[in-house]
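entry-v2.pdb, holding PDB, C-alpha atoms and all ligand atoms:
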ATOM      1  CA  MET A   1      81.939  79.245 102.176
ATOM      2  CA  ASP A   2      84.708  81.226 100.504
ATOM      3  CA  ARG A   3      83.018  80.888  97.152
ATOM      4  CA  LEU A   4      79.748  82.124  98.612
ATOM      5  CA  THR A   5      81.037  85.199 100.386
ATOM      6  CA  VAL A   6      82.428  88.414  98.969
ATOM      7  CA  GLN A   7      85.733  89.378 100.517
ATOM      8  CA  GLU A   8      86.196  92.728  98.875
ATOM      9  CA  THR A   9      87.789  95.229 101.222
ATOM     10  CA  ARG A  10      90.384  97.988 101.249
ATOM     11  CA  PHE A  11      92.371 100.203 103.582
ATOM     12  CA  PHE A  12      90.436 103.256 104.854
ATOM     13  CA  ARG A  13      87.349 102.012 102.991
ATOM     14  CA  ASP A  14      84.869 104.269 104.801
ATOM     15  CA  PRO A  15      86.689 107.524 105.628
ATOM     16  CA  ASP A  16      83.722 109.017 107.529
ATOM     17  CA  ALA A  17      83.497 105.993 109.814
ATOM     18  CA  PHE A  18      87.230 106.016 110.495
ATOM     19  CA  ARG A  19      87.098 109.766 111.219
ATOM     20  CA  LEU A  20      84.402 109.034 113.776
ATOM     21  CA  VAL A  21      86.664 106.431 115.414
ATOM     22  CA  SER A  22      89.531 108.943 115.621
ATOM     23  CA  ASP A  23      87.261 111.591 117.108
ATOM     24  CA  TYR A  24      85.958 109.052 119.599
ATOM     25  CA  VAL A  25      89.472 108.246 120.798
ATOM     26  CA  LEU A  26      90.628 111.858 120.842
ATOM     27  CA  THR A  27      87.701 112.888 123.045
ATOM     28  CA  ARG A  28      88.047 110.085 125.603
ATOM     29  CA  PRO A  29      89.314 111.046 129.047
ATOM     30  CA  ARG A  30      93.107 111.075 128.960
ATOM     31  CA  GLU A  31      93.378 109.224 132.258
ATOM     32  CA  THR A  32      91.255 106.348 130.902
ATOM     33  CA  LEU A  33      93.471 106.041 127.825
ATOM     34  CA  LYS A  34      96.561 105.962 130.021
ATOM     35  CA  ARG A  35      95.147 103.440 132.453
ATOM     36  CA  ARG A  36      93.542 100.811 130.247
ATOM     37  CA  PRO A  37      94.402  99.524 126.757
ATOM     38  CA  LEU A  38      91.874 100.442 124.097
ATOM     39  CA  GLU A  39      90.390  97.312 122.565
ATOM     40  CA  ALA A  40      88.978  97.371 119.039
ATOM     41  CA  TRP A  41      87.359  94.537 117.096
ATOM     42  CA  SER A  42      86.790  94.299 113.373
ATOM     43  CA  VAL A  43      83.989  91.776 112.792
ATOM     44  CA  GLY A  44      84.066  90.223 109.307
ATOM     45  CA  CYS A  45      87.568  91.594 108.758
ATOM     46  CA  SER A  46      88.235  89.748 105.483
ATOM     47  CA  THR A  47      91.944  89.916 104.552
ATOM     48  CA  GLY A  48      92.857  92.402 107.290
ATOM     49  CA  GLU A  49      92.748  95.849 105.688
ATOM     50  CA  GLU A  50      90.046  97.034 108.116
ATOM     51  CA  PRO A  51      91.699  95.953 111.400
ATOM     52  CA  TYR A  52      95.091  97.250 110.213
ATOM     53  CA  THR A  53      93.432 100.569 109.324
ATOM     54  CA  LEU A  54      91.964 100.696 112.834
ATOM     55  CA  ALA A  55      95.398  99.983 114.304
ATOM     56  CA  MET A  56      97.014 102.750 112.235
ATOM     57  CA  LEU A  57      94.306 105.196 113.311
ATOM     58  CA  LEU A  58      94.556 104.269 116.981
ATOM     59  CA  ASN A  59      98.314 104.663 116.758
ATOM     60  CA  GLU A  60      97.950 108.099 115.145
ATOM     61  CA  SER A  61      95.425 109.170 117.780
ATOM     62  CA  MET A  62      97.572 108.011 120.704
ATOM     63  CA  GLU A  63     100.591 109.776 119.237
ATOM     64  CA  GLY A  64      98.528 112.909 118.718
ATOM     65  CA  LEU A  65      97.746 112.804 122.426
ATOM     66  CA  SER A  66     101.415 112.101 123.300
ATOM     67  CA  LEU A  67     100.414 108.791 124.888
ATOM     68  CA  GLN A  68     102.000 105.362 124.687
ATOM     69  CA  PRO A  69     100.302 103.210 122.019
ATOM     70  CA  LEU A  70      98.246 101.254 124.513
ATOM     71  CA  PHE A  71      95.766  99.451 122.275
ATOM     72  CA  GLY A  72      94.942  96.114 120.668
ATOM     73  CA  VAL A  73      92.865  95.204 117.624
ATOM     74  CA  THR A  74      91.208  91.854 116.933
ATOM     75  CA  GLY A  75      90.073  90.881 113.461
ATOM     76  CA  SER A  76      87.649  87.979 113.031
ATOM     77  CA  ASP A  77      86.191  86.328 109.955
ATOM     78  CA  ILE A  78      84.587  83.029 109.013
ATOM     79  CA  SER A  79      87.031  82.472 106.148
ATOM     80  CA  LYS A  80      90.283  80.689 106.976
ATOM     81  CA  PRO A  81      92.069  81.755 103.757
ATOM     82  CA  ALA A  82      91.109  85.376 104.483
ATOM     83  CA  ILE A  83      92.408  85.121 108.051
ATOM     84  CA  ASP A  84      95.653  83.471 106.863
ATOM     85  CA  LYS A  85      96.209  86.289 104.392
ATOM     86  CA  ALA A  86      95.448  88.918 107.041
ATOM     87  CA  GLN A  87      97.899  87.315 109.436
ATOM     88  CA  SER A  88     100.691  87.452 106.851
ATOM     89  CA  GLY A  89     100.564  91.273 106.930
ATOM     90  CA  LEU A  90     101.537  91.220 103.231
ATOM     91  CA  PHE A  91      99.585  93.116 100.588
ATOM     92  CA  SER A  92      99.990  93.878  96.934
ATOM     93  CA  ALA A  93     101.389  97.403  96.501
ATOM     94  CA  ARG A  94      98.299  98.135  94.369
ATOM     95  CA  LYS A  95      96.183  97.854  97.523
ATOM     96  CA  LEU A  96      97.648 101.145  98.756
ATOM     97  CA  MET A  97      96.484 103.162  95.756
ATOM     98  CA  GLY A  98      94.676 106.285  96.898
ATOM     99  CA  MET A  99      96.071 106.112 100.418
ATOM    100  CA  ASP A 100      97.746 109.161 101.907
ATOM    101  CA  ASP A 101     101.491 109.103 101.051
ATOM    102  CA  ALA A 102     102.600 109.925 104.588
ATOM    103  CA  MET A 103     100.537 107.022 105.980
ATOM    104  CA  LYS A 104     101.967 104.662 103.352
ATOM    105  CA  ALA A 105     105.503 105.677 104.212
ATOM    106  CA  ARG A 106     104.894 105.369 107.951
ATOM    107  CA  TYR A 107     103.141 102.046 108.104
ATOM    108  CA  PHE A 108     104.355  99.942 105.161
ATOM    109  CA  ARG A 109     107.689  98.572 104.018
ATOM    110  CA  PRO A 110     108.504  97.196 100.561
ATOM    111  CA  ALA A 111     108.493  93.397 100.418
ATOM    112  CA  GLU A 112     109.224  90.788  97.741
ATOM    113  CA  ARG A 113     107.316  90.540  94.434
ATOM    114  CA  ASN A 114     105.782  93.990  94.366
ATOM    115  CA  ASN A 115     104.238  93.481  97.794
ATOM    116  CA  VAL A 116     104.314  95.692 100.848
ATOM    117  CA  GLU A 117     104.198  94.630 104.477
ATOM    118  CA  ILE A 118     102.727  96.279 107.528
ATOM    119  CA  ILE A 119     105.399  97.438 109.953
ATOM    120  CA  GLU A 120     106.066  95.224 112.952
ATOM    121  CA  SER A 121     104.938  97.713 115.624
ATOM    122  CA  ILE A 122     101.444  97.678 114.108
ATOM    123  CA  ARG A 123     101.355  93.955 113.308
ATOM    124  CA  GLU A 124     102.142  93.054 116.884
ATOM    125  CA  ARG A 125      99.060  94.954 118.067
ATOM    126  CA  VAL A 126      96.652  93.150 115.742
ATOM    127  CA  CYS A 127      95.536  89.548 116.161
ATOM    128  CA  PHE A 128      93.208  87.450 114.033
ATOM    129  CA  THR A 129      90.812  84.650 114.725
ATOM    130  CA  ARG A 130      88.340  82.592 112.795
ATOM    131  CA  LEU A 131      84.807  83.219 113.992
ATOM    132  CA  ASN A 132      81.332  82.796 112.579
ATOM    133  CA  VAL A 133      79.287  85.861 113.468
ATOM    134  CA  LEU A 134      76.347  83.519 114.072
ATOM    135  CA  ASP A 135      78.293  81.930 116.944
ATOM    136  CA  LEU A 136      78.892  85.140 118.861
ATOM    137  CA  LYS A 137      77.594  83.662 122.092
ATOM    138  CA  HIS A 138      80.754  81.494 122.230
ATOM    139  CA  ALA A 139      83.121  84.341 121.341
ATOM    140  CA  PRO A 140      85.640  85.258 124.037
ATOM    141  CA  MET A 141      85.643  89.007 123.196
ATOM    142  CA  HIS A 142      84.206  91.306 125.819
ATOM    143  CA  GLY A 143      84.744  94.816 127.158
ATOM    144  CA  MET A 144      85.472  96.147 123.658
ATOM    145  CA  ASN A 145      85.843  99.916 123.301
ATOM    146  CA  ILE A 146      85.266  99.896 119.547
ATOM    147  CA  ILE A 147      83.419  97.327 117.461
ATOM    148  CA  PHE A 148      83.539  97.882 113.738
ATOM    149  CA  CYS A 149      81.258  95.703 111.623
ATOM    150  CA  GLN A 150      80.798  96.834 108.040
ATOM    151  CA  ASN A 151      79.651  95.032 104.910
ATOM    152  CA  LEU A 152      78.852  91.813 106.751
ATOM    153  CA  LEU A 153      75.262  92.265 107.957
ATOM    154  CA  ILE A 154      74.189  92.629 104.326
ATOM    155  CA  TYR A 155      74.358  88.829 104.085
ATOM    156  CA  PHE A 156      71.617  88.372 106.667
ATOM    157  CA  ARG A 157      67.890  88.903 106.989
ATOM    158  CA  ARG A 158      66.571  91.748 109.102
ATOM    159  CA  TRP A 159      65.730  89.690 112.205
ATOM    160  CA  ARG A 160      69.156  88.020 112.090
ATOM    161  CA  ARG A 161      70.939  91.378 111.776
ATOM    162  CA  ARG A 162      69.158  92.530 114.948
ATOM    163  CA  GLU A 163      70.242  89.392 116.804
ATOM    164  CA  ILE A 164      73.862  89.907 115.736
ATOM    165  CA  VAL A 165      73.813  93.577 116.731
ATOM    166  CA  LYS A 166      72.347  92.702 120.148
ATOM    167  CA  ARG A 167      75.171  90.229 120.703
ATOM    168  CA  LEU A 168      77.797  92.731 119.554
ATOM    169  CA  ALA A 169      76.347  95.332 121.933
ATOM    170  CA  GLU A 170      76.782  92.865 124.814
ATOM    171  CA  ARG A 171      80.503  92.716 123.964
ATOM    172  CA  LEU A 172      80.944  96.490 124.196
ATOM    173  CA  ALA A 173      82.353  98.158 127.288
ATOM    174  CA  PRO A 174      80.141 100.871 128.787
ATOM    175  CA  GLY A 175      80.767 103.985 126.714
ATOM    176  CA  GLY A 176      82.020 101.780 123.830
ATOM    177  CA  LEU A 177      81.418 102.595 120.164
ATOM    178  CA  LEU A 178      79.659 100.311 117.665
ATOM    179  CA  VAL A 179      80.033 101.196 113.974
ATOM    180  CA  LEU A 180      78.043  99.461 111.226
ATOM    181  CA  GLY A 181      77.885 100.071 107.488
ATOM    182  CA  GLN A 182      75.528 102.785 106.316
ATOM    183  CA  GLY A 183      72.029 101.360 105.758
ATOM    184  CA  GLU A 184      72.851  97.950 107.230
ATOM    185  CA  LEU A 185      70.342  98.289 110.051
ATOM    186  CA  THR A 186      67.153 100.279 109.529
ATOM    187  CA  ASP A 187      64.117 101.193 111.612
ATOM    188  CA  TRP A 188      65.423  99.700 114.804
ATOM    189  CA  GLN A 189      67.147 101.070 117.858
ATOM    190  CA  PRO A 190      69.399  98.505 119.591
ATOM    191  CA  PRO A 191      68.581  98.396 123.327
ATOM    192  CA  GLY A 192      71.137  99.986 125.647
ATOM    193  CA  LEU A 193      72.798 101.948 122.848
ATOM    194  CA  GLN A 194      72.561 105.614 121.976
ATOM    195  CA  ARG A 195      72.758 106.705 118.336
ATOM    196  CA  VAL A 196      75.718 108.881 117.403
ATOM    197  CA  PRO A 197      74.287 111.847 115.502
ATOM    198  CA  SER A 198      75.801 111.578 112.041
ATOM    199  CA  GLU A 199      74.443 111.749 108.521
ATOM    200  CA  HIS A 200      77.136 109.557 107.052
ATOM    201  CA  VAL A 201      77.945 106.946 109.693
ATOM    202  CA  LEU A 202      75.703 104.411 111.400
ATOM    203  CA  ALA A 203      77.067 104.228 114.936
ATOM    204  CA  TRP A 204      76.027 103.966 118.569
ATOM    205  CA  ILE A 205      77.588 104.436 121.968
ATOM    206  CA  LYS A 206      76.805 101.975 124.744
ATOM    207  CA  ARG A 207      75.209 103.797 127.636
ATOM    208  CA  GLN A 208      77.575 104.457 130.512
ATOM    209  CA  THR A 209      77.179 102.772 133.828
ATOM    210  CA  ASP A 210      79.706 103.939 136.419
ATOM    211  CA  GLU A 211      82.844 102.952 134.433
ATOM    212  CA  GLU A 212      84.442 106.405 134.137
TER     213      GLU A 212
HETATM  214  C1  LIG B   1      82.699  92.288 101.996
HETATM  215  S1  LIG B   1      83.754  91.633 103.241
HETATM  216  C2  LIG B   1      83.843  93.010 104.368
HETATM  217  C3  LIG B   1      85.240  93.256 104.845
HETATM  218  C4  LIG B   1      85.387  94.507 105.701
HETATM  219  N1  LIG B   1      84.570  94.449 106.872
HETATM  220  C5  LIG B   1      85.082  95.750 104.910
HETATM  221  O1  LIG B   1      84.020  96.360 105.102
HETATM  222  O2  LIG B   1      85.895  96.145 104.072
HETATM  223  C6  LIG B   1      82.647  90.525 104.124
HETATM  224  C7  LIG B   1      83.376  89.523 104.997
HETATM  225  O3  LIG B   1      82.417  88.889 105.836
HETATM  226  C8  LIG B   1      82.835  87.544 106.010
HETATM  227  N2  LIG B   1      81.688  86.732 106.448
HETATM  228  C9  LIG B   1      80.615  86.310 105.729
HETATM  229  N3  LIG B   1      79.798  85.573 106.497
HETATM  230  C10 LIG B   1      80.346  85.537 107.727
HETATM  231  C11 LIG B   1      79.968  84.955 108.962
HETATM  232  N4  LIG B   1      78.836  84.222 109.082
HETATM  233  N5  LIG B   1      80.764  85.131 110.048
HETATM  234  C12 LIG B   1      81.909  85.862 109.937
HETATM  235  N6  LIG B   1      82.334  86.432 108.804
HETATM  236  C13 LIG B   1      81.564  86.284 107.701
HETATM  237  C14 LIG B   1      83.375  87.145 104.638
HETATM  238  O4  LIG B   1      84.237  86.039 104.731
HETATM  239  C15 LIG B   1      84.072  88.428 104.198
HETATM  240  O5  LIG B   1      85.441  88.403 104.522
END
Take the structure from the file and write it as structure tokens.
Ligand SMILES: C[S@@+](CC[C@H](N)C(=O)[O-])C[C@H]1O[C@@H](n2cnc3c(N)ncnc32)[C@H](O)[C@@H]1O
Amino acid sequence: MDRLTVQETRFFRDPDAFRLVSDYVLTRPRETLKRRPLEAWSVGCSTGEEPYTLAMLLNESMEGLSLQPLFGVTGSDISKPAIDKAQSGLFSARKLMGMDDAMKARYFRPAERNNVEIIESIRERVCFTRLNVLDLKHAPMHGMNIIFCQNLLIYFRRWRRREIVKRLAERLAPGGLLVLGQGELTDWQPPGLQRVPSEHVLAWIKRQTDEE
């Protein structure tokens, strides 16, 4: 499986999508953010750069709002070696090339052998699990506020992508945000979701019931 899949990833890979996530958090009702932890899920998280990026962003957003960092991020992937690497929180220093210096200084510490490690306060908010996206019906995740699934659907045929997206939508909380990779789902509107108007990001919000 590891030989068949591409695990390429990097921190802040899709800046437009991450900006959308920040905006989403910053415009949520303050009382909701205070009352309930924000739950984010990176589906097909590879070696962890994406879920750690989400955690850094959520932390920045909460701080910007002068709120306690009440959030959790789950990263899932089919590959055990990728999940093991993600869990270590250790990355080659080269992986941070191009990242904002202030963010590097805030969230990483030097480690042995030209590596860097994610700081503990972020690591403790991110957990990882092995999960095949084709087995979503057995996945324990539910009530997610943010589901981020990029560069994974490309492996599947169109009908399968739709099935996966339907299952992901079921795992969203009302008002939750689903972000896919640009162009990964075309000519189809997932039921129960409303498209976020954006030229650069493929995202939907789950229609509200009476949650907020
Ligand atoms: C190109 S990486 C994307 C990483 C990250 N989401 C990003 O955009 O930077 C694709 C990941 O999908 C994972 N993957 C492939 N098939 C999968 C499946 N059936 N279930 C879960 N993960 C899968 C691979 O192991 C790999 O880590």
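Compared by their closest atoms to A:Asp14, and using all atoms listed in the file, the residues A:Leu54, A:Leu33, A:Leu177, A:Ile83 rank with A:Leu54 nearest.
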message: Using only C-alpha atoms, which protein or nucleic acid residues come within 10 Å of A:Arg195? Drop anything in the same chain fewer than 6 positions from it, and give the result as a ChimeraX atom specification.
response: /A:177-178,189,202-206
message: Using the chain letters and numbers from this file, what does the PyMOL selection byres (((chain A and resi 13) around 12) and not hetatm) select? Give the answer as a ChimeraX atom specification.
response: /A:8-12,14-19,45,48-54,95-99,150-151,181
- prompt: If the PyMOL selection byres (((not hetatm)) within 7 of (chain B and resi 1)) is run on the structure shown, which residues does it catch, given as a count of residues only?
  reply: 29
- prompt: How far is it from atom CA of A:Arg125 to atom CA of A:Ile147, in Å with one decimal?
  reply: 15.8 Å
query: For A:Val179, which of A:Leu26, A:Ala93, A:Ala40, A:Ile122 is the closest residue, counting all atoms listed in the file?
result: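 Under the stated criterion, the closest residue is A:Ala40.
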message: Within 12 Å of (103.5, 102.9, 110.2) in the file's own coordinates, which protein, DNA or RNA residues have an atom, counting all atoms listed in the file? List them as a list in words.
response: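 In the file's frame, the residues around the point are Tyr52, Thr53, Ala55, Met56, Leu57, Leu58, Asn59, Glu60, Glu63, Asp100, Asp101, Ala102, Met103, Lys104, Ala105, Arg106, Tyr107, Phe108, Arg109, Val116, Glu117, Ile118, Ile119, Glu120, Ser121, Ile122, Arg123 and Glu124 of chain A.
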- request: Show which residues sit within 7 Å of stretch 111-115 of chain A, as a PyMOL selection string. Count all atoms listed in the file, and ignore same-chain residues fewer than 6 positions away.
  value: chain A and resi 90-93
Selection under test: the PyMOL selection byres (((chain A and resi 173) around 9) and not hetatm); residues as a PDB file with C-alpha atoms, in the coordinates of the input:
ATOM      1  CA  HIS A 142      84.206  91.306 125.819  1.00  0.00           C
ATOM      2  CA  GLY A 143      84.744  94.816 127.158  1.00  0.00           C
ATOM      3  CA  MET A 144      85.472  96.147 123.658  1.00  0.00           C
ATOM      4  CA  ASN A 145      85.843  99.916 123.301  1.00  0.00           C
ATOM      5  CA  ILE A 146      85.266  99.896 119.547  1.00  0.00           C
ATOM      6  CA  ALA A 169      76.347  95.332 121.933  1.00  0.00           C
ATOM      7  CA  GLU A 170      76.782  92.865 124.814  1.00  0.00           C
ATOM      8  CA  ARG A 171      80.503  92.716 123.964  1.00  0.00           C
ATOM      9  CA  LEU A 172      80.944  96.490 124.196  1.00  0.00           C
ATOM     10  CA  PRO A 174      80.141 100.871 128.787  1.00  0.00           C
ATOM     11  CA  GLY A 175      80.767 103.985 126.714  1.00  0.00           C
ATOM     12  CA  GLY A 176      82.020 101.780 123.830  1.00  0.00           C
ATOM     13  CA  LEU A 177      81.418 102.595 120.164  1.00  0.00           C
ATOM     14  CA  LYS A 206      76.805 101.975 124.744  1.00  0.00           C
ATOM     15  CA  GLN A 208      77.575 104.457 130.512  1.00  0.00           C
ATOM     16  CA  GLU A 211      82.844 102.952 134.433  1.00  0.00           C
TER      17      GLU A 211
END
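Distance-wise, atom CA of A:Arg35 and atom CA of A:Arg207 end up 20.5 Å apart.
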Export stretch 151-185 of chain A, N, CA and C atoms, as a PDB file, in the first residue's frame; it's the structure right above.
ATOM      1  N   ASN A 151      -6.023  16.054  -1.719  1.00  0.00           N
ATOM      2  CA  ASN A 151      -5.058  15.185  -2.405  1.00  0.00           C
ATOM      3  C   ASN A 151      -5.185  13.726  -2.015  1.00  0.00           C
ATOM      4  N   LEU A 152      -6.389  13.302  -1.731  1.00  0.00           N
ATOM      5  CA  LEU A 152      -6.692  11.896  -1.456  1.00  0.00           C
ATOM      6  C   LEU A 152      -7.741  11.383  -2.438  1.00  0.00           C
ATOM      7  N   LEU A 153      -8.764  12.196  -2.719  1.00  0.00           N
ATOM      8  CA  LEU A 153      -9.839  11.735  -3.604  1.00  0.00           C
ATOM      9  C   LEU A 153      -9.332  11.449  -5.015  1.00  0.00           C
ATOM     10  N   ILE A 154      -8.202  12.084  -5.364  1.00  0.00           N
ATOM     11  CA  ILE A 154      -7.623  11.871  -6.692  1.00  0.00           C
ATOM     12  C   ILE A 154      -7.350  10.393  -6.987  1.00  0.00           C
ATOM     13  N   TYR A 155      -7.230   9.580  -5.946  1.00  0.00           N
ATOM     14  CA  TYR A 155      -6.966   8.154  -6.161  1.00  0.00           C
ATOM     15  C   TYR A 155      -8.207   7.368  -6.575  1.00  0.00           C
ATOM     16  N   PHE A 156      -9.373   8.009  -6.497  1.00  0.00           N
ATOM     17  CA  PHE A 156     -10.615   7.259  -6.681  1.00  0.00           C
ATOM     18  C   PHE A 156     -11.405   7.725  -7.893  1.00  0.00           C
ATOM     19  N   ARG A 157     -12.257   6.796  -8.386  1.00  0.00           N
ATOM     20  CA  ARG A 157     -13.147   7.143  -9.483  1.00  0.00           C
ATOM     21  C   ARG A 157     -14.227   8.095  -8.992  1.00  0.00           C
ATOM     22  N   ARG A 158     -14.924   8.695  -9.967  1.00  0.00           N
ATOM     23  CA  ARG A 158     -15.891   9.741  -9.647  1.00  0.00           C
ATOM     24  C   ARG A 158     -16.994   9.263  -8.694  1.00  0.00           C
ATOM     25  N   TRP A 159     -17.562   8.082  -8.975  1.00  0.00           N
ATOM     26  CA  TRP A 159     -18.667   7.602  -8.134  1.00  0.00           C
ATOM     27  C   TRP A 159     -18.181   7.338  -6.721  1.00  0.00           C
ATOM     28  N   ARG A 160     -16.928   6.855  -6.594  1.00  0.00           N
ATOM     29  CA  ARG A 160     -16.369   6.545  -5.280  1.00  0.00           C
ATOM     30  C   ARG A 160     -16.105   7.842  -4.492  1.00  0.00           C
ATOM     31  N   ARG A 161     -15.614   8.853  -5.207  1.00  0.00           N
ATOM     32  CA  ARG A 161     -15.377  10.157  -4.554  1.00  0.00           C
ATOM     33  C   ARG A 161     -16.669  10.666  -3.936  1.00  0.00           C
ATOM     34  N   ARG A 162     -17.787  10.533  -4.692  1.00  0.00           N
ATOM     35  CA  ARG A 162     -19.077  11.018  -4.197  1.00  0.00           C
ATOM     36  C   ARG A 162     -19.493  10.268  -2.949  1.00  0.00           C
ATOM     37  N   GLU A 163     -19.278   8.942  -2.963  1.00  0.00           N
ATOM     38  CA  GLU A 163     -19.607   8.133  -1.776  1.00  0.00           C
ATOM     39  C   GLU A 163     -18.818   8.613  -0.564  1.00  0.00           C
ATOM     40  N   ILE A 164     -17.517   8.830  -0.771  1.00  0.00           N
ATOM     41  CA  ILE A 164     -16.644   9.253   0.341  1.00  0.00           C
ATOM     42  C   ILE A 164     -17.110  10.606   0.878  1.00  0.00           C
ATOM     43  N   VAL A 165     -17.408  11.523  -0.053  1.00  0.00           N
ATOM     44  CA  VAL A 165     -17.818  12.869   0.378  1.00  0.00           C
ATOM     45  C   VAL A 165     -19.139  12.801   1.149  1.00  0.00           C
ATOM     46  N   LYS A 166     -20.062  11.939   0.695  1.00  0.00           N
ATOM     47  CA  LYS A 166     -21.331  11.792   1.420  1.00  0.00           C
ATOM     48  C   LYS A 166     -21.073  11.332   2.849  1.00  0.00           C
ATOM     49  N   ARG A 167     -20.168  10.369   2.982  1.00  0.00           N
ATOM     50  CA  ARG A 167     -19.850   9.847   4.324  1.00  0.00           C
ATOM     51  C   ARG A 167     -19.170  10.916   5.177  1.00  0.00           C
ATOM     52  N   LEU A 168     -18.278  11.686   4.560  1.00  0.00           N
ATOM     53  CA  LEU A 168     -17.607  12.753   5.328  1.00  0.00           C
ATOM     54  C   LEU A 168     -18.645  13.778   5.793  1.00  0.00           C
ATOM     55  N   ALA A 169     -19.589  14.093   4.906  1.00  0.00           N
ATOM     56  CA  ALA A 169     -20.617  15.090   5.256  1.00  0.00           C
ATOM     57  C   ALA A 169     -21.432  14.613   6.460  1.00  0.00           C
ATOM     58  N   GLU A 170     -21.664  13.300   6.546  1.00  0.00           N
ATOM     59  CA  GLU A 170     -22.414  12.765   7.693  1.00  0.00           C
ATOM     60  C   GLU A 170     -21.666  13.004   9.004  1.00  0.00           C
ATOM     61  N   ARG A 171     -20.327  13.082   8.902  1.00  0.00           N
ATOM     62  CA  ARG A 171     -19.502  13.250  10.116  1.00  0.00           C
ATOM     63  C   ARG A 171     -19.339  14.704  10.529  1.00  0.00           C
ATOM     64  N   LEU A 172     -19.889  15.616   9.720  1.00  0.00           N
ATOM     65  CA  LEU A 172     -19.786  17.046  10.060  1.00  0.00           C
ATOM     66  C   LEU A 172     -20.872  17.439  11.052  1.00  0.00           C
ATOM     67  N   ALA A 173     -20.545  18.354  11.944  1.00  0.00           N
ATOM     68  CA  ALA A 173     -21.567  18.965  12.794  1.00  0.00           C
ATOM     69  C   ALA A 173     -22.376  19.935  11.937  1.00  0.00           C
ATOM     70  N   PRO A 174     -23.618  20.228  12.314  1.00  0.00           N
ATOM     71  CA  PRO A 174     -24.342  21.271  11.579  1.00  0.00           C
ATOM     72  C   PRO A 174     -23.514  22.560  11.597  1.00  0.00           C
ATOM     73  N   GLY A 175     -23.438  23.207  10.452  1.00  0.00           N
ATOM     74  CA  GLY A 175     -22.616  24.425  10.369  1.00  0.00           C
ATOM     75  C   GLY A 175     -21.143  24.123  10.143  1.00  0.00           C
ATOM     76  N   GLY A 176     -20.774  22.822  10.093  1.00  0.00           N
ATOM     77  CA  GLY A 176     -19.359  22.438   9.923  1.00  0.00           C
ATOM     78  C   GLY A 176     -18.859  22.685   8.509  1.00  0.00           C
ATOM     79  N   LEU A 177     -17.537  22.745   8.383  1.00  0.00           N
ATOM     80  CA  LEU A 177     -16.877  23.099   7.118  1.00  0.00           C
ATOM     81  C   LEU A 177     -16.159  21.875   6.528  1.00  0.00           C
ATOM     82  N   LEU A 178     -16.429  21.586   5.269  1.00  0.00           N
ATOM     83  CA  LEU A 178     -15.718  20.520   4.557  1.00  0.00           C
ATOM     84  C   LEU A 178     -14.856  21.151   3.467  1.00  0.00           C
ATOM     85  N   VAL A 179     -13.553  20.851   3.495  1.00  0.00           N
ATOM     86  CA  VAL A 179     -12.640  21.417   2.491  1.00  0.00           C
ATOM     87  C   VAL A 179     -11.995  20.273   1.704  1.00  0.00           C
ATOM     88  N   LEU A 180     -12.139  20.320   0.389  1.00  0.00           N
ATOM     89  CA  LEU A 180     -11.472  19.337  -0.481  1.00  0.00           C
ATOM     90  C   LEU A 180     -10.396  20.046  -1.293  1.00  0.00           C
ATOM     91  N   GLY A 181      -9.640  19.264  -2.060  1.00  0.00           N
ATOM     92  CA  GLY A 181      -8.649  19.871  -2.952  1.00  0.00           C
ATOM     93  C   GLY A 181      -9.339  20.425  -4.186  1.00  0.00           C
ATOM     94  N   GLN A 182      -8.798  21.488  -4.716  1.00  0.00           N
ATOM     95  CA  GLN A 182      -9.383  22.126  -5.897  1.00  0.00           C
ATOM     96  C   GLN A 182      -9.500  21.113  -7.042  1.00  0.00           C
ATOM     97  N   GLY A 183     -10.690  21.009  -7.626  1.00  0.00           N
ATOM     98  CA  GLY A 183     -10.890  20.113  -8.771  1.00  0.00           C
ATOM     99  C   GLY A 183     -11.085  18.649  -8.401  1.00  0.00           C
ATOM    100  N   GLU A 184     -11.142  18.333  -7.117  1.00  0.00           N
ATOM    101  CA  GLU A 184     -11.245  16.912  -6.749  1.00  0.00           C
ATOM    102  C   GLU A 184     -12.674  16.365  -6.793  1.00  0.00           C
ATOM    103  N   LEU A 185     -13.632  17.274  -6.910  1.00  0.00           N
ATOM    104  CA  LEU A 185     -15.023  16.843  -7.057  1.00  0.00           C
ATOM    105  C   LEU A 185     -15.682  17.831  -8.012  1.00  0.00           C
TER     106      LEU A 185
END
